[in-house]
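What follows is one structure encoded as structure tokens, with my remarks underneath.
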Amino acid sequence: METTTKVPYIPNDAPFTNEQKNWLGGFLAGLHSRIAIAGAAPVAIDVEPISAKSIDILYGTQTGTAEIIATDVGEKARSKGFAPRLAELDDIDMDTLVSMQNLLVVVSTYGEGEMPDNAHLFWEALSASTAPRLENLNYGVLALGDTSYEFFCQAGRLIDTRLEQLGAKRLTDRVDCDIDYEDLAEKWIADVLPDVVDIPDAAPTVVADKTKPVWGRKNPFNSTMLENRILSGPGSGKEIRHIAFDLGDSGMKYEAGDALGVMPFNSPDLVNGWLDRLGAKADDAIDHEDRSLGDLLQSKYEIMTPSRDMIRALEPLMKHDELSFVVKSGDKDALAHFLWGKDALDLMNLNPSLKLSVSEVLSWLKPLQHRAYSISSSPKAHKGEVHLTVAAVRWMYQNRSHGGVCSTFLSDYVSKGRSAGIFMSPNKSFRVPEDDAVPMIMVGPGTGIAPFRAFLEERRERSATGTNWLFFGDRYRASDFIYEDEIRALSDSGVLNRLDLAFSRDQSEKIYVQNRMVENGKDLFNLLQEGGYFYVCGDAAQMAKDVDNALHGIIETQGSMTPEATISYVNRLKREKRYVRDVY
């Protein structure tokens with residue numbers, strides 16, 4: 001799943017909107033899972049007495065980063081003599097929250113200012129008019145976000161504001177982290193932990209973390225590519241590739257459902273375009289940098305997608321009426337429409353005769369970031385390897401080729417035998433059921449099939465007996481049925497029990513995966529009633545919303561439920577981790 005940048009609008013500072021208030025109809029109290037951190041025995045938050053040294057650490061995450069940080073907070077807290085307890089935000093009801101004395105929240109913002117999937121229900125309850133007073137609670141919030149989005153760290157801001165409104169007391173000011181979060185997160189941890197309770201005089205026992213990965217965003221593993229082949233057929237409007245990396249002696253481990261971080265380089269053509277526009281040379285030295293300008297543009301800075309700082313800085317310089325109008329108007333849709341198809345170089349070329357200062361332009365840029373892709377292999381089926389399913393993003397604008405930073409890096413510049421920097425991004429909430437007998441329903445059109453290829457391989461290797469049902473679709477069956485041979489083999493062997501296909505352009509009336517769901521609504525609902533798990537992977541902007549609406553409609557119709565009861569049913573699925581999504 002390649003990260004993309006959207007241009008939403010800046011909201012007002014109200015703690016929550018009318019739409020968010022309407023979420024409250026679905027809250028179900030209850031705590032369904034037990035929690036633990038590395039080195040600690042599992043504890044049940046709703047029954048363990050609160051001690052003077054207790055500290056609760058809650059996280060909301062979409063891709064796993066907030067969970068990693070929260071786990072790190074727990075380890076540091078334990079080393080200082082605290083008794084930390086770690087849980088997802090949605091595992092906590094308001095009665096449990098009232099019983100807490102010291103709370104640390106680590107939460108990311110998803111999409112256009114939304115709570116991550118495992119924080120929705122917590123926020124619904126917290127933002128309700130019936131939420132309890134929390135005068136006895138001390139808290140701190142670490143918010144994760146991306147300044148490319150107008151709703152920067154909105155989820156953390158909302159939770160921080162609401163806790164204050166309910167009478168809780170801050171241990172320290174909220175910290176809002178951009179994509180380079182490590183230093184700010186470390187400072188926040190150092191600031192907040194000593195203030196929770198008195199540190200005991202005795203030297204604490206430090207619990208070694210044997211599970212913490214060696215490789216990460218700052219130090220990726222240089223992996224050799226084993227395979228790079230096109231999956232989409234002739235005549236397809238897409239270029240989808242199957243890519244396999246060798247894990248070698250990295251020691252990296254993963255599970256089906258995890259993501260792989262890939263560190264790309266900017267394309268040479270784009271770097272050369274920037275050098276030409278800036279009137280500079282690749283080997284030019286830059287003040288306060290130990291690398292040449294060419295190296296900086298290739299591997300340090302994000303030079304494809306214009307940052308908000310760059311857009312605002314260029315606006316008065318370009319003397320371009322339409323750019324000035326959309327920036328000053330604050331109309332997010334107008335700005336998005338204007339930016340459609342343009343990259344940062346296109347914006348600088350709006351006034352090609354204007355001379356730009358290299359050092360000033362560099363100051364507007366954000367660091368080049370990894371892209372995260374859903375892993376499409378089971379480690380049980382492909383020992384020592386990790387596979388991806390990648391759609392190469394390409395388009396033309398003003399007679400110049402454009403491409404997605406990482407997807408074209410992988411497609412064009414990392415052929416078989418060459419290498420790229422990779423690291424694992426665990427996603428513990430998106431997993432094959434532990435019980436091999438329970439049913440799985442998977443909805444993954446296009447490259448959304450990636451994790452479900454891994455899931456099916458995992459179930460095959462485990463000789464699982466539970467029903468496996470896949471909804472897959474794309475535009476044309478003849479050219480876009482990726483992994484068709486593998487899927488057919490899984491069906492023939494009995495691993496894949498049901499397959500429903502939706503190729504939208506093969507008939508006059510477009511058919512999508514959500515239509516196939518509704519057509520088979522009775523069987524789908526029956527599997528949910530039998531304890532089935534429902535998974536969705538793919539486009540968050542439209543597909544995931546349509547699938548969610550279809551799921552609600554099926555449950556309401558087949559279960560003869562009221563809208564309120566339907567919402568409660570879906571929320572129960574979420575709490576039990578039986579409705580989970582990997583959407584982007």
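Note on naming: chains are A, B, ... as they come in the structure tokens, residues start from 1 per chain, ligands start from 1 in the order shown.
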Practice prompt. Considering only C-alpha atoms, return as a ChimeraX atom specification whatever protein or nucleic-acid residues lie within 8 Å of stretch 473-484 of chain A, sequence-local ones (same chain, fewer than 4 positions apart) excluded.
Written response: /A:231-236,238,444-446,488,501-506,512-513
For the selection you just gave me, I'd like the residues written to a file as a tab-separated table (two decimals), in the first residue's frame, keeping C-alpha atoms.
```tsv
chain	number	residue	atom	x	y	z
A	231	LEU	CA	0.88	-9.57	-13.10
A	232	SER	CA	-1.55	-7.52	-15.17
A	233	GLY	CA	-2.27	-8.79	-18.66
A	234	PRO	CA	-1.89	-7.17	-22.09
A	235	GLY	CA	-4.28	-4.30	-22.62
A	236	SER	CA	-4.70	-3.56	-18.93
A	238	LYS	CA	-2.74	-0.84	-14.89
A	444	GLY	CA	-9.80	-7.20	-1.56
A	445	PRO	CA	-10.25	-5.75	-5.06
A	446	GLY	CA	-7.20	-4.82	-7.14
A	488	ARG	CA	-7.76	-21.24	-9.12
A	501	LEU	CA	-15.64	-11.94	-8.71
A	502	ALA	CA	-16.67	-8.43	-9.74
A	503	PHE	CA	-15.10	-7.08	-12.92
A	504	SER	CA	-16.73	-3.70	-13.28
A	505	ARG	CA	-16.19	-2.99	-17.00
A	506	ASP	CA	-17.07	-6.40	-18.44
A	512	TYR	CA	-18.31	-4.04	-7.70
A	513	VAL	CA	-17.37	-6.26	-4.76
```
Fill in: Distance query A:Asp249 at most 12 Å, only C-alpha atoms, self and fewer than 4 positions along chain excluded, as a ChimeraX atom specification
/A:214-215,221-224,253,384-385
The selected residues should be written to file as a CSV table (one decimal), in the first residue's frame (atoms: N, CA and C atoms).
```csv
chain,number,residue,atom,x,y,z
A,214,VAL,N,15.7,-5.1,14.7
A,214,VAL,CA,17.0,-4.4,14.5
A,214,VAL,C,16.9,-3.4,13.4
A,215,TRP,N,16.1,-3.8,12.4
A,215,TRP,CA,15.9,-2.9,11.2
A,215,TRP,C,14.7,-2.0,11.3
A,221,PHE,N,17.2,-2.7,6.1
A,221,PHE,CA,18.0,-3.8,5.6
A,221,PHE,C,18.1,-3.8,4.1
A,222,ASN,N,19.3,-3.9,3.6
A,222,ASN,CA,19.6,-3.8,2.2
A,222,ASN,C,19.3,-5.2,1.6
A,223,SER,N,18.1,-5.4,1.0
A,223,SER,CA,17.7,-6.7,0.6
A,223,SER,C,17.7,-6.8,-0.9
A,224,THR,N,18.1,-8.0,-1.4
A,224,THR,CA,18.2,-8.3,-2.8
A,224,THR,C,16.8,-8.7,-3.3
A,253,LYS,N,11.5,-11.1,10.9
A,253,LYS,CA,10.4,-12.0,10.9
A,253,LYS,C,9.1,-11.2,10.7
A,384,GLY,N,12.3,-17.2,4.3
A,384,GLY,CA,13.4,-16.4,3.9
A,384,GLY,C,13.1,-15.3,2.9
A,385,GLU,N,11.8,-15.2,2.5
A,385,GLU,CA,11.3,-14.3,1.5
A,385,GLU,C,10.2,-13.4,2.0
```
Discussion item. With DSSP run on the backbone, what are the alpha helix (DSSP H) residues within stretch 215-288 of chain A? I'd like them as a PyMOL selection string.
Written reply: chain A and resi 268-278
Item to complete: Select, from A:Thr61, A:Met94, A:Gly330, A:Phe452, the residue with the minimum atom-to-atom distance to A:Gly145, counting only C-alpha atoms.
Response: A:Thr61
Worksheet item: Smallest atom-to-atom distance to A:Asp436: which of A:Gly216, A:Gly532, A:Gly251, A:Pro132, using only C-alpha atoms?
Response: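 Nearest to A:Asp436: A:Gly532.
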Discussion item. Would you compute the distance between atom CA of A:Ser508 and atom CA of A:Cys537? Give it in Å to one decimal.
Written reply: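 Here the two named atoms are 26.1 Å from each other.
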Discussion item. Which of stretch 99-305 of chain A end up as strand (DSSP E or B) when DSSP is run on this backbone - answer as a PyMOL selection string?
Written reply: chain A and resi 102-108+110+114+138-144+169-170+175-177+221-230+240-246+259-263+285+292+301
Export of the given selection (C-alpha atoms) as a PDB file, in the first residue's frame:
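What follows is the written file out35.pdb:
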```pdb
ATOM      1  CA  ASN A 102      -2.306   7.726  35.199  1.00  0.00           C
ATOM      2  CA  LEU A 103      -2.893   7.468  31.470  1.00  0.00           C
ATOM      3  CA  LEU A 104      -0.639   7.898  28.447  1.00  0.00           C
ATOM      4  CA  VAL A 105      -2.235   7.947  24.984  1.00  0.00           C
ATOM      5  CA  VAL A 106      -0.341   7.432  21.731  1.00  0.00           C
ATOM      6  CA  VAL A 107      -2.610   7.925  18.723  1.00  0.00           C
ATOM      7  CA  SER A 108      -2.190   8.469  15.007  1.00  0.00           C
ATOM      8  CA  TYR A 110      -5.880   8.541   9.721  1.00  0.00           C
ATOM      9  CA  GLU A 114     -10.191  10.541  11.369  1.00  0.00           C
ATOM     10  CA  ASN A 138      -3.653  12.381  35.082  1.00  0.00           C
ATOM     11  CA  TYR A 139      -2.850  12.032  31.395  1.00  0.00           C
ATOM     12  CA  GLY A 140      -0.530  12.785  28.512  1.00  0.00           C
ATOM     13  CA  VAL A 141      -1.088  12.548  24.759  1.00  0.00           C
ATOM     14  CA  LEU A 142       1.410  11.886  22.000  1.00  0.00           C
ATOM     15  CA  ALA A 143      -0.193  12.591  18.619  1.00  0.00           C
ATOM     16  CA  LEU A 144       1.196  11.214  15.358  1.00  0.00           C
ATOM     17  CA  LYS A 169      -5.195  16.888  34.347  1.00  0.00           C
ATOM     18  CA  ARG A 170      -2.308  16.976  31.904  1.00  0.00           C
ATOM     19  CA  VAL A 175       3.210  16.707  21.552  1.00  0.00           C
ATOM     20  CA  ASP A 176       2.302  16.611  17.846  1.00  0.00           C
ATOM     21  CA  CYS A 177       4.741  14.556  15.771  1.00  0.00           C
ATOM     22  CA  PHE A 221      17.996  -3.816   5.629  1.00  0.00           C
ATOM     23  CA  ASN A 222      19.578  -3.802   2.170  1.00  0.00           C
ATOM     24  CA  SER A 223      17.660  -6.671   0.570  1.00  0.00           C
ATOM     25  CA  THR A 224      18.207  -8.340  -2.788  1.00  0.00           C
ATOM     26  CA  MET A 225      15.217  -8.548  -5.095  1.00  0.00           C
ATOM     27  CA  LEU A 226      14.455 -12.143  -6.071  1.00  0.00           C
ATOM     28  CA  GLU A 227      11.578 -11.548  -8.459  1.00  0.00           C
ATOM     29  CA  ASN A 228       9.968  -8.627 -10.277  1.00  0.00           C
ATOM     30  CA  ARG A 229       7.277  -9.617 -12.765  1.00  0.00           C
ATOM     31  CA  ILE A 230       4.167  -8.027 -14.224  1.00  0.00           C
ATOM     32  CA  ILE A 240       0.664  -4.414 -11.294  1.00  0.00           C
ATOM     33  CA  ARG A 241       3.798  -6.296 -10.298  1.00  0.00           C
ATOM     34  CA  HIS A 242       4.683  -9.192  -8.063  1.00  0.00           C
ATOM     35  CA  ILE A 243       7.881  -8.453  -6.170  1.00  0.00           C
ATOM     36  CA  ALA A 244       9.877 -10.757  -3.899  1.00  0.00           C
ATOM     37  CA  PHE A 245      12.735  -9.777  -1.576  1.00  0.00           C
ATOM     38  CA  ASP A 246      15.340 -12.002   0.044  1.00  0.00           C
ATOM     39  CA  ALA A 259       3.345  -4.499   6.048  1.00  0.00           C
ATOM     40  CA  LEU A 260       6.774  -3.977   4.523  1.00  0.00           C
ATOM     41  CA  GLY A 261       8.417  -0.568   4.587  1.00  0.00           C
ATOM     42  CA  VAL A 262      10.457   0.261   1.474  1.00  0.00           C
ATOM     43  CA  MET A 263      12.918   3.160   1.320  1.00  0.00           C
ATOM     44  CA  ALA A 285      27.972  21.653  -2.368  1.00  0.00           C
ATOM     45  CA  SER A 292      26.072  17.013  -2.828  1.00  0.00           C
ATOM     46  CA  TYR A 301      14.084  15.037   0.214  1.00  0.00           C
TER      47      TYR A 301
END
```
Discussion item. Nearest residue to A:Leu339 out of A:Arg133, A:Glu289, A:Tyr373, A:Tyr397, using only C-alpha atoms?
Written reply: A:Tyr397
Worksheet item: Hey, what's within 12 Å of A:Thr147 if we count only C-alpha atoms and toss same-chain stuff fewer than 4 positions away? As a PyMOL selection string, please?
Response: chain A and resi 5-8+10+109+112-113+151-154+176-181+306-310+365-367
Response to the item:
Using only C-alpha atoms, the residue out of A:Phe534, A:Phe265, A:Phe430, A:Phe525 with shortest distance to A:Asp582 is A:Phe430
Discussion item. Could you tell me how far atom CA of A:His552 sits from atom CA of A:Val570, in Å to one decimal place?
Written reply: 7.3 Å
Practice prompt. For atom CA of A:Asp90 and atom CA of A:Gly156, determine how far apart the two atoms are, in Å to one decimal place.
Written response: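 Computing it gives 14.6 Å between the two atoms.
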